[in-house]
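Structure file coords36.pdb with PDB, C-alpha atoms:
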MODEL        1
ATOM      1  CA  MET A  10     138.602 -79.469 103.177  1.00  0.00           C
ATOM      2  CA  ILE A  11     134.822 -79.321 103.286  1.00  0.00           C
ATOM      3  CA  ASP A  12     132.978 -80.770 106.267  1.00  0.00           C
ATOM      4  CA  ILE A  13     129.347 -81.653 105.498  1.00  0.00           C
ATOM      5  CA  HIS A  14     128.419 -83.047 108.949  1.00  0.00           C
ATOM      6  CA  SER A  15     128.871 -81.069 112.160  1.00  0.00           C
ATOM      7  CA  HIS A  16     127.025 -80.140 115.338  1.00  0.00           C
ATOM      8  CA  VAL A  17     128.416 -76.681 115.891  1.00  0.00           C
ATOM      9  CA  ILE A  18     125.310 -74.468 116.197  1.00  0.00           C
ATOM     10  CA  PRO A  19     124.935 -73.600 119.894  1.00  0.00           C
ATOM     11  CA  ASN A  20     122.040 -74.815 122.044  1.00  0.00           C
ATOM     12  CA  VAL A  21     120.003 -76.716 119.448  1.00  0.00           C
ATOM     13  CA  ASP A  22     121.097 -80.329 120.082  1.00  0.00           C
ATOM     14  CA  ASP A  23     123.891 -82.203 121.892  1.00  0.00           C
ATOM     15  CA  GLY A  24     126.605 -80.520 119.834  1.00  0.00           C
ATOM     16  CA  SER A  25     127.688 -77.138 121.165  1.00  0.00           C
ATOM     17  CA  ARG A  26     126.558 -75.811 124.547  1.00  0.00           C
ATOM     18  CA  SER A  27     127.439 -72.143 123.963  1.00  0.00           C
ATOM     19  CA  ILE A  28     128.516 -69.668 121.308  1.00  0.00           C
ATOM     20  CA  LYS A  29     131.977 -69.658 122.898  1.00  0.00           C
ATOM     21  CA  GLU A  30     132.220 -73.418 122.466  1.00  0.00           C
ATOM     22  CA  SER A  31     131.022 -73.151 118.856  1.00  0.00           C
ATOM     23  CA  LEU A  32     133.695 -70.595 118.019  1.00  0.00           C
ATOM     24  CA  GLU A  33     136.384 -72.766 119.586  1.00  0.00           C
ATOM     25  CA  MET A  34     135.235 -75.696 117.425  1.00  0.00           C
ATOM     26  CA  LEU A  35     135.358 -73.538 114.304  1.00  0.00           C
ATOM     27  CA  ARG A  36     138.806 -72.138 115.142  1.00  0.00           C
ATOM     28  CA  HIS A  37     140.156 -75.649 115.503  1.00  0.00           C
ATOM     29  CA  SER A  38     138.582 -76.664 112.197  1.00  0.00           C
ATOM     30  CA  ALA A  39     140.157 -73.682 110.445  1.00  0.00           C
ATOM     31  CA  GLU A  40     143.556 -74.477 111.987  1.00  0.00           C
ATOM     32  CA  ILE A  41     143.547 -78.000 110.534  1.00  0.00           C
ATOM     33  CA  GLY A  42     142.598 -76.837 107.052  1.00  0.00           C
ATOM     34  CA  VAL A  43     138.790 -76.926 106.904  1.00  0.00           C
ATOM     35  CA  THR A  44     137.420 -74.113 104.730  1.00  0.00           C
ATOM     36  CA  ASP A  45     133.685 -74.865 104.656  1.00  0.00           C
ATOM     37  CA  VAL A  46     131.343 -76.378 107.239  1.00  0.00           C
ATOM     38  CA  ILE A  47     127.730 -77.448 106.858  1.00  0.00           C
ATOM     39  CA  CYS A  48     126.031 -77.200 110.246  1.00  0.00           C
ATOM     40  CA  THR A  49     123.749 -80.216 110.655  1.00  0.00           C
ATOM     41  CA  PRO A  50     121.886 -80.244 113.988  1.00  0.00           C
ATOM     42  CA  HIS A  51     120.036 -83.422 114.861  1.00  0.00           C
ATOM     43  CA  PHE A  52     116.398 -84.091 114.212  1.00  0.00           C
ATOM     44  CA  SER A  53     115.063 -87.217 115.905  1.00  0.00           C
ATOM     45  CA  HIS A  54     111.620 -88.133 117.196  1.00  0.00           C
ATOM     46  CA  LYS A  55     111.058 -86.720 120.712  1.00  0.00           C
ATOM     47  CA  ARG A  56     114.781 -86.317 121.509  1.00  0.00           C
ATOM     48  CA  PHE A  57     115.916 -83.497 119.208  1.00  0.00           C
ATOM     49  CA  VAL A  58     112.999 -81.457 117.908  1.00  0.00           C
ATOM     50  CA  THR A  59     114.272 -77.874 118.024  1.00  0.00           C
ATOM     51  CA  PRO A  60     112.018 -75.719 115.813  1.00  0.00           C
ATOM     52  CA  ILE A  61     113.506 -74.706 112.466  1.00  0.00           C
ATOM     53  CA  GLU A  62     113.056 -71.008 113.342  1.00  0.00           C
ATOM     54  CA  GLU A  63     115.234 -71.406 116.450  1.00  0.00           C
ATOM     55  CA  ILE A  64     117.877 -73.357 114.518  1.00  0.00           C
ATOM     56  CA  LYS A  65     118.028 -70.627 111.880  1.00  0.00           C
ATOM     57  CA  LYS A  66     118.239 -67.890 114.529  1.00  0.00           C
ATOM     58  CA  ASN A  67     121.143 -69.582 116.318  1.00  0.00           C
ATOM     59  CA  PHE A  68     122.834 -70.310 113.006  1.00  0.00           C
ATOM     60  CA  GLU A  69     122.716 -66.630 112.033  1.00  0.00           C
ATOM     61  CA  LEU A  70     124.173 -65.731 115.430  1.00  0.00           C
ATOM     62  CA  LEU A  71     127.020 -68.172 114.822  1.00  0.00           C
ATOM     63  CA  VAL A  72     127.689 -66.745 111.353  1.00  0.00           C
ATOM     64  CA  GLU A  73     127.760 -63.218 112.777  1.00  0.00           C
ATOM     65  CA  GLU A  74     130.077 -64.085 115.671  1.00  0.00           C
ATOM     66  CA  ALA A  75     132.434 -66.136 113.475  1.00  0.00           C
ATOM     67  CA  LYS A  76     132.699 -63.171 111.129  1.00  0.00           C
ATOM     68  CA  LYS A  77     133.501 -60.834 114.037  1.00  0.00           C
ATOM     69  CA  GLU A  78     136.213 -63.234 115.193  1.00  0.00           C
ATOM     70  CA  GLU A  79     137.559 -63.411 111.635  1.00  0.00           C
ATOM     71  CA  ILE A  80     137.411 -67.207 111.556  1.00  0.00           C
ATOM     72  CA  PRO A  81     138.115 -68.137 107.908  1.00  0.00           C
ATOM     73  CA  ILE A  82     135.324 -70.681 107.437  1.00  0.00           C
ATOM     74  CA  ASN A  83     132.225 -70.510 105.256  1.00  0.00           C
ATOM     75  CA  LEU A  84     129.147 -71.739 107.114  1.00  0.00           C
ATOM     76  CA  TYR A  85     126.058 -73.360 105.607  1.00  0.00           C
ATOM     77  CA  LEU A  86     122.895 -74.740 107.160  1.00  0.00           C
ATOM     78  CA  GLY A  87     121.471 -78.240 106.993  1.00  0.00           C
ATOM     79  CA  GLN A  88     120.282 -80.982 109.323  1.00  0.00           C
ATOM     80  CA  GLU A  89     121.045 -84.586 110.248  1.00  0.00           C
ATOM     81  CA  ILE A  90     117.710 -86.377 110.105  1.00  0.00           C
ATOM     82  CA  LEU A  91     117.007 -89.643 111.876  1.00  0.00           C
ATOM     83  CA  TYR A  92     114.659 -91.592 109.627  1.00  0.00           C
ATOM     84  CA  THR A  93     111.781 -93.110 111.533  1.00  0.00           C
ATOM     85  CA  SER A  94     108.349 -94.431 110.659  1.00  0.00           C
ATOM     86  CA  ARG A  95     106.916 -92.412 113.561  1.00  0.00           C
ATOM     87  CA  GLU A  96     107.283 -89.233 111.525  1.00  0.00           C
ATOM     88  CA  ASN A  97     106.566 -88.658 107.845  1.00  0.00           C
ATOM     89  CA  ILE A  98     110.079 -87.431 107.138  1.00  0.00           C
ATOM     90  CA  LEU A  99     109.532 -86.921 103.417  1.00  0.00           C
ATOM     91  CA  GLN A 100     106.374 -84.893 103.995  1.00  0.00           C
ATOM     92  CA  MET A 101     108.182 -82.771 106.582  1.00  0.00           C
ATOM     93  CA  LEU A 102     110.960 -82.107 104.062  1.00  0.00           C
ATOM     94  CA  ASP A 103     108.420 -81.223 101.373  1.00  0.00           C
ATOM     95  CA  GLU A 104     106.724 -78.788 103.777  1.00  0.00           C
ATOM     96  CA  GLY A 105     109.981 -77.138 104.851  1.00  0.00           C
ATOM     97  CA  LYS A 106     109.742 -78.462 108.424  1.00  0.00           C
ATOM     98  CA  LEU A 107     113.125 -80.162 108.037  1.00  0.00           C
ATOM     99  CA  LEU A 108     116.273 -78.883 106.355  1.00  0.00           C
ATOM    100  CA  THR A 109     118.197 -80.156 103.362  1.00  0.00           C
ATOM    101  CA  LEU A 110     121.889 -79.283 102.982  1.00  0.00           C
ATOM    102  CA  ASN A 111     122.188 -75.613 102.031  1.00  0.00           C
ATOM    103  CA  ASN A 112     118.715 -75.549 100.431  1.00  0.00           C
ATOM    104  CA  SER A 113     119.727 -78.243  97.955  1.00  0.00           C
ATOM    105  CA  LYS A 114     118.126 -81.608  97.231  1.00  0.00           C
ATOM    106  CA  TYR A 115     120.833 -83.338  99.310  1.00  0.00           C
ATOM    107  CA  VAL A 116     119.654 -84.693 102.683  1.00  0.00           C
ATOM    108  CA  LEU A 117     121.888 -86.036 105.461  1.00  0.00           C
ATOM    109  CA  VAL A 118     120.128 -89.101 106.891  1.00  0.00           C
ATOM    110  CA  GLU A 119     120.852 -91.512 109.706  1.00  0.00           C
ATOM    111  CA  PHE A 120     119.015 -94.683 110.723  1.00  0.00           C
ATOM    112  CA  HIS A 121     118.158 -96.759 113.759  1.00  0.00           C
ATOM    113  CA  THR A 122     120.110 -99.973 114.162  1.00  0.00           C
ATOM    114  CA  THR A 123     116.804-101.854 113.917  1.00  0.00           C
ATOM    115  CA  HIS A 124     116.420-101.175 110.184  1.00  0.00           C
ATOM    116  CA  ARG A 125     117.214-104.125 107.923  1.00  0.00           C
ATOM    117  CA  PRO A 126     119.329-103.667 104.760  1.00  0.00           C
ATOM    118  CA  ASP A 127     116.320-104.254 102.491  1.00  0.00           C
ATOM    119  CA  GLU A 128     114.392-101.557 104.396  1.00  0.00           C
ATOM    120  CA  LEU A 129     117.194 -99.067 103.801  1.00  0.00           C
ATOM    121  CA  GLU A 130     117.052 -99.740 100.072  1.00  0.00           C
ATOM    122  CA  ASP A 131     113.310 -99.052 100.101  1.00  0.00           C
ATOM    123  CA  ILE A 132     113.793 -95.843 102.121  1.00  0.00           C
ATOM    124  CA  ILE A 133     116.449 -94.590  99.686  1.00  0.00           C
ATOM    125  CA  TYR A 134     114.077 -95.354  96.804  1.00  0.00           C
ATOM    126  CA  ARG A 135     111.340 -93.265  98.461  1.00  0.00           C
ATOM    127  CA  PHE A 136     113.723 -90.330  98.916  1.00  0.00           C
ATOM    128  CA  ASN A 137     114.531 -90.551  95.221  1.00  0.00           C
ATOM    129  CA  LEU A 138     110.819 -90.533  94.331  1.00  0.00           C
ATOM    130  CA  HIS A 139     110.526 -87.216  96.159  1.00  0.00           C
ATOM    131  CA  LYS A 140     113.540 -85.922  94.184  1.00  0.00           C
ATOM    132  CA  TYR A 141     115.853 -85.921  97.218  1.00  0.00           C
ATOM    133  CA  HIS A 142     119.414 -87.222  97.132  1.00  0.00           C
ATOM    134  CA  PRO A 143     120.195 -88.906 100.471  1.00  0.00           C
ATOM    135  CA  ILE A 144     123.656 -88.913 102.002  1.00  0.00           C
ATOM    136  CA  ILE A 145     123.908 -91.645 104.627  1.00  0.00           C
ATOM    137  CA  ALA A 146     125.685 -90.442 107.774  1.00  0.00           C
ATOM    138  CA  HIS A 147     128.437 -92.527 109.421  1.00  0.00           C
ATOM    139  CA  ILE A 148     127.720 -95.693 107.423  1.00  0.00           C
ATOM    140  CA  GLU A 149     130.373 -97.515 109.474  1.00  0.00           C
ATOM    141  CA  ARG A 150     128.152 -97.467 112.571  1.00  0.00           C
ATOM    142  CA  TYR A 151     125.620 -99.897 111.144  1.00  0.00           C
ATOM    143  CA  LYS A 152     127.477-103.018 112.166  1.00  0.00           C
ATOM    144  CA  TRP A 153     124.776-105.292 110.739  1.00  0.00           C
ATOM    145  CA  LEU A 154     125.591-104.117 107.204  1.00  0.00           C
ATOM    146  CA  THR A 155     127.799-106.400 105.157  1.00  0.00           C
ATOM    147  CA  MET A 156     130.070-105.120 102.401  1.00  0.00           C
ATOM    148  CA  GLU A 157     127.557-106.528  99.906  1.00  0.00           C
ATOM    149  CA  ASP A 158     124.801-104.443 101.555  1.00  0.00           C
ATOM    150  CA  VAL A 159     126.935-101.307 101.289  1.00  0.00           C
ATOM    151  CA  ILE A 160     127.601-101.989  97.606  1.00  0.00           C
ATOM    152  CA  LEU A 161     123.858-102.413  96.955  1.00  0.00           C
ATOM    153  CA  MET A 162     123.130 -99.109  98.699  1.00  0.00           C
ATOM    154  CA  LYS A 163     125.886 -97.377  96.771  1.00  0.00           C
ATOM    155  CA  ASN A 164     124.382 -98.600  93.507  1.00  0.00           C
ATOM    156  CA  GLN A 165     121.198 -96.706  94.341  1.00  0.00           C
ATOM    157  CA  ASP A 166     120.905 -92.940  94.010  1.00  0.00           C
ATOM    158  CA  CYS A 167     122.560 -92.088  97.317  1.00  0.00           C
ATOM    159  CA  GLU A 168     125.971 -91.230  98.727  1.00  0.00           C
ATOM    160  CA  LEU A 169     127.800 -92.602 101.745  1.00  0.00           C
ATOM    161  CA  SER A 170     129.885 -90.941 104.440  1.00  0.00           C
ATOM    162  CA  VAL A 171     132.133 -92.092 107.269  1.00  0.00           C
ATOM    163  CA  ASN A 172     133.314 -90.216 110.339  1.00  0.00           C
ATOM    164  CA  ALA A 173     136.944 -89.134 110.498  1.00  0.00           C
ATOM    165  CA  ASP A 174     137.270 -90.649 113.986  1.00  0.00           C
ATOM    166  CA  ALA A 175     136.422 -94.092 112.639  1.00  0.00           C
ATOM    167  CA  VAL A 176     138.916 -93.749 109.787  1.00  0.00           C
ATOM    168  CA  ILE A 177     141.821 -93.077 112.178  1.00  0.00           C
ATOM    169  CA  GLY A 178     140.822 -95.775 114.658  1.00  0.00           C
ATOM    170  CA  GLU A 179     139.297 -93.678 117.453  1.00  0.00           C
ATOM    171  CA  ASN A 180     136.272 -96.002 117.490  1.00  0.00           C
ATOM    172  CA  GLY A 181     138.174 -99.262 117.517  1.00  0.00           C
ATOM    173  CA  PHE A 182     140.060-101.481 115.093  1.00  0.00           C
ATOM    174  CA  LYS A 183     136.982-103.189 113.650  1.00  0.00           C
ATOM    175  CA  LEU A 184     135.400 -99.950 112.422  1.00  0.00           C
ATOM    176  CA  LYS A 185     138.773 -98.677 111.248  1.00  0.00           C
ATOM    177  CA  ARG A 186     139.211-101.802 109.115  1.00  0.00           C
ATOM    178  CA  PHE A 187     135.648-101.534 107.743  1.00  0.00           C
ATOM    179  CA  CYS A 188     136.245 -97.892 106.750  1.00  0.00           C
ATOM    180  CA  LYS A 189     139.525 -98.802 105.102  1.00  0.00           C
ATOM    181  CA  LYS A 190     137.858-101.498 103.001  1.00  0.00           C
ATOM    182  CA  MET A 191     134.986 -99.237 101.950  1.00  0.00           C
ATOM    183  CA  ILE A 192     137.276 -96.353 101.010  1.00  0.00           C
ATOM    184  CA  LYS A 193     139.605 -98.641  99.102  1.00  0.00           C
ATOM    185  CA  LYS A 194     136.654-100.020  97.110  1.00  0.00           C
ATOM    186  CA  GLY A 195     135.560 -96.478  96.218  1.00  0.00           C
ATOM    187  CA  LEU A 196     132.284 -96.728  98.150  1.00  0.00           C
ATOM    188  CA  ILE A 197     132.732 -93.628 100.326  1.00  0.00           C
ATOM    189  CA  ASP A 198     131.883 -90.162  99.046  1.00  0.00           C
ATOM    190  CA  TYR A 199     132.573 -88.064 102.154  1.00  0.00           C
ATOM    191  CA  VAL A 200     134.707 -88.139 105.279  1.00  0.00           C
ATOM    192  CA  THR A 201     133.121 -85.901 107.923  1.00  0.00           C
ATOM    193  CA  SER A 202     133.953 -84.613 111.389  1.00  0.00           C
ATOM    194  CA  ASP A 203     130.532 -85.122 113.048  1.00  0.00           C
ATOM    195  CA  MET A 204     132.026 -82.757 115.621  1.00  0.00           C
ATOM    196  CA  HIS A 205     130.362 -82.084 118.976  1.00  0.00           C
ATOM    197  CA  TYR A 206     131.731 -80.281 122.036  1.00  0.00           C
ATOM    198  CA  PHE A 207     133.113 -83.657 123.154  1.00  0.00           C
ATOM    199  CA  ARG A 208     134.359 -84.685 119.697  1.00  0.00           C
ATOM    200  CA  PRO A 209     136.822 -82.341 117.936  1.00  0.00           C
ATOM    201  CA  SER A 210     137.318 -82.489 114.211  1.00  0.00           C
ATOM    202  CA  ASN A 211     139.908 -85.022 113.066  1.00  0.00           C
ATOM    203  CA  MET A 212     139.468 -84.308 109.358  1.00  0.00           C
ATOM    204  CA  ASP A 213     143.191 -83.572 108.904  1.00  0.00           C
ATOM    205  CA  LYS A 214     144.281 -86.850 110.504  1.00  0.00           C
ATOM    206  CA  ALA A 215     141.805 -88.839 108.408  1.00  0.00           C
ATOM    207  CA  LEU A 216     142.956 -87.141 105.211  1.00  0.00           C
ATOM    208  CA  LYS A 217     146.600 -87.852 106.063  1.00  0.00           C
ATOM    209  CA  LYS A 218     145.816 -91.520 106.682  1.00  0.00           C
ATOM    210  CA  ILE A 219     143.923 -91.815 103.394  1.00  0.00           C
ATOM    211  CA  LYS A 220     146.833 -90.239 101.519  1.00  0.00           C
ATOM    212  CA  ASP A 221     149.599 -92.128 103.349  1.00  0.00           C
ATOM    213  CA  GLU A 222     147.955 -95.503 102.877  1.00  0.00           C
ATOM    214  CA  LYS A 223     146.864 -94.685  99.309  1.00  0.00           C
ATOM    215  CA  LEU A 224     143.318 -95.787 100.104  1.00  0.00           C
ATOM    216  CA  PHE A 225     141.555 -93.514  97.639  1.00  0.00           C
ATOM    217  CA  ASN A 226     140.891 -94.623  94.072  1.00  0.00           C
ATOM    218  CA  ASN A 227     139.734 -91.246  92.822  1.00  0.00           C
ATOM    219  CA  ARG A 228     140.697 -87.656  93.604  1.00  0.00           C
ATOM    220  CA  GLN A 229     137.133 -86.600  94.288  1.00  0.00           C
ATOM    221  CA  LEU A 230     137.181 -87.904  97.876  1.00  0.00           C
ATOM    222  CA  LEU A 231     140.136 -85.696  98.700  1.00  0.00           C
ATOM    223  CA  GLU A 232     138.774 -82.620  96.994  1.00  0.00           C
ATOM    224  CA  LYS A 233     135.384 -82.543  98.742  1.00  0.00           C
TER     225      LYS A 233
ENDMDL
END
Represent the structure from my file as structure tokens, please.
Amino acid sequence: MIDIHSHVIPNVDDGSRSIKESLEMLRHSAEIGVTDVICTPHFSHKRFVTPIEEIKKNFELLVEEAKKEEIPINLYLGQEILYTSRENILQMLDEGKLLTLNNSKYVLVEFHTTHRPDELEDIIYRFNLHKYHPIIAHIERYKWLTMEDVILMKNQDCELSVNADAVIGENGFKLKRFCKKMIKKGLIDYVTSDMHYFRPSNMDKALKKIKDEKLFNNRQLLEK
């Protein structure tokens, strides 16, 4: 399994509070079958603004320590970016002040609950104009989105992800049902851990549920 959304780099956001904690998170991920993890520390206006240089330094430390501990996981660097009009996110990406996923054109993006569906479509369009391919984090959290809104977003040049916790019902029945419907309709591209020190990876449980309930309509979801 490949996990494209995690907060495992120590001391850069609200994810891991120490290198020891990070290694414990990675060991657990390896034990449940995760082979690759993209580390995606938060960027959000005023709250999480750790400089890129510090993120990279702590990431390299994590890679080094994981190798010493012989944890069988490949680590890659990225960022989870909160889109806001207060910051010119696209300009910051163009200038290298924010991180794409593993130096690709893929960008993990989250939104405030105040954004309207039509605004999200416009934001996705602007990412595309700058040649970026947005992946929307935990789409299930935006409770104001209807299934029709999700379908419209999916028809644009973007991909959608849900958190494993929501798939297995850790966040309540309503979100579990929404995830089930989206997966069954083939709208979801990634299931992710979004792991923090307080949220272990449940990727294995989510995968088992998807398989047991035959929710997937293509093999790609299971192979990512």
CA of Val200 (chain A) and CA of Val171 (chain A) are how many Å apart?
5.1 Å
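From CA of Tyr141 (chain A) back to CA of Ile47 (chain A), the distance works out to 17.5 Å.
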From A:Arg125, A:Lys189, A:His37, A:Lys65, residue lying nearest Tyr85 (chain A) [only C-alpha atoms]
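Closest residue, counting only C-alpha atoms: A:Lys65.
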Name every residue that the PyMOL selection byres ((chain A and resi 119) around 6) selects in this structure, writing the answer as a ChimeraX atom specification with chains first and numbers rising.
/A:91,118,120,145-146
Next, write the just-selected residues to a file, as a compact mmCIF listing (two decimals), in the frame of the given file, keeping C-alpha atoms as the atom set.
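Generated output (again-v6.txt):
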# COMPACT_ATOMS: atom_id res chain seq x y z
CA LEU A 91 117.01 -89.64 111.88
CA VAL A 118 120.13 -89.10 106.89
CA PHE A 120 119.02 -94.68 110.72
CA ILE A 145 123.91 -91.64 104.63
CA ALA A 146 125.68 -90.44 107.77
Do you know which residues are at most 7 Å from His51 (chain A) counting only C-alpha atoms, after dropping those on the same chain fewer than 3 positions away, and could you put them as a list in words?
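Contacts, in chain order: Asp22, Phe57, Gln88, Glu89 and Ile90 of chain A.
Minimum distance to Ile197 (chain A) across A:Asn172, A:Ser210, A:Asn67, A:Thr59 (counting all atoms listed in the file) occurs at A:Asn172.
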Hey, what comes out of the PyMOL selection byres ((chain A and resi 33) around 12) on this file? Could you write it as a PyMOL selection string?
chain A and resi 17-19+25-32+34-40+71+74-75+78+80+204-207+209-210
Which of these residues is nearest to Asn164 (chain A), using only C-alpha atoms: A:Glu130, A:Glu79, A:Asp45, A:Glu222?
A:Glu130
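Note that CA of Leu184 (chain A) and CA of Thr109 (chain A) are 27.7 Å apart.
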Using the partial input, fill out region 112-128 of chain A with N, CA, C and O atoms; write the result as a CSV table (one decimal), keeping the file's coordinate frame.
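Output below, filename result_11.csv:
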chain,number,residue,atom,x,y,z
A,112,ASN,N,119.9,-75.7,101.3
A,112,ASN,CA,118.7,-75.5,100.4
A,112,ASN,C,118.8,-76.3,99.1
A,112,ASN,O,118.2,-76.0,98.1
A,113,SER,N,119.6,-77.4,99.1
A,113,SER,CA,119.7,-78.2,98.0
A,113,SER,C,118.8,-79.4,98.0
A,113,SER,O,117.9,-79.5,98.9
A,114,LYS,N,118.9,-80.4,97.2
A,114,LYS,CA,118.1,-81.6,97.2
A,114,LYS,C,118.9,-82.7,98.0
A,114,LYS,O,118.4,-83.8,98.1
A,115,TYR,N,120.0,-82.4,98.5
A,115,TYR,CA,120.8,-83.3,99.3
A,115,TYR,C,120.4,-83.3,100.8
A,115,TYR,O,120.2,-82.3,101.4
A,116,VAL,N,120.2,-84.5,101.3
A,116,VAL,CA,119.7,-84.7,102.7
A,116,VAL,C,120.6,-85.6,103.4
A,116,VAL,O,120.9,-86.7,103.0
A,117,LEU,N,121.0,-85.2,104.6
A,117,LEU,CA,121.9,-86.0,105.5
A,117,LEU,C,121.0,-86.9,106.4
A,117,LEU,O,120.2,-86.3,107.2
A,118,VAL,N,121.1,-88.2,106.2
A,118,VAL,CA,120.1,-89.1,106.9
A,118,VAL,C,120.9,-90.1,107.7
A,118,VAL,O,121.9,-90.6,107.3
A,119,GLU,N,120.3,-90.4,108.9
A,119,GLU,CA,120.9,-91.5,109.7
A,119,GLU,C,119.7,-92.4,110.0
A,119,GLU,O,118.5,-92.1,109.9
A,120,PHE,N,120.0,-93.7,110.5
A,120,PHE,CA,119.0,-94.7,110.7
A,120,PHE,C,119.2,-95.3,112.1
A,120,PHE,O,120.2,-95.3,112.7
A,121,HIS,N,118.1,-95.9,112.6
A,121,HIS,CA,118.2,-96.8,113.8
A,121,HIS,C,118.9,-98.1,113.4
A,121,HIS,O,118.8,-98.5,112.2
A,122,THR,N,119.4,-98.7,114.4
A,122,THR,CA,120.1,-100.0,114.2
A,122,THR,C,119.1,-101.1,113.9
A,122,THR,O,119.5,-102.2,113.5
A,123,THR,N,117.8,-100.8,114.1
A,123,THR,CA,116.8,-101.9,113.9
A,123,THR,C,116.4,-102.0,112.5
A,123,THR,O,115.7,-103.0,112.1
A,124,HIS,N,116.8,-101.1,111.6
A,124,HIS,CA,116.4,-101.2,110.2
A,124,HIS,C,117.2,-102.3,109.5
A,124,HIS,O,118.4,-102.4,109.7
A,125,ARG,N,116.5,-103.1,108.7
A,125,ARG,CA,117.2,-104.1,107.9
A,125,ARG,C,117.8,-103.5,106.6
A,125,ARG,O,117.3,-102.5,106.1
A,126,PRO,N,118.8,-104.2,106.0
A,126,PRO,CA,119.3,-103.7,104.8
A,126,PRO,C,118.3,-103.5,103.7
A,126,PRO,O,118.3,-102.5,102.9
A,127,ASP,N,117.3,-104.4,103.5
A,127,ASP,CA,116.3,-104.3,102.5
A,127,ASP,C,115.4,-103.1,102.8
A,127,ASP,O,114.9,-102.4,101.8
A,128,GLU,N,115.2,-102.7,104.1
A,128,GLU,CA,114.4,-101.6,104.4
A,128,GLU,C,115.1,-100.3,104.0
A,128,GLU,O,114.5,-99.3,103.5
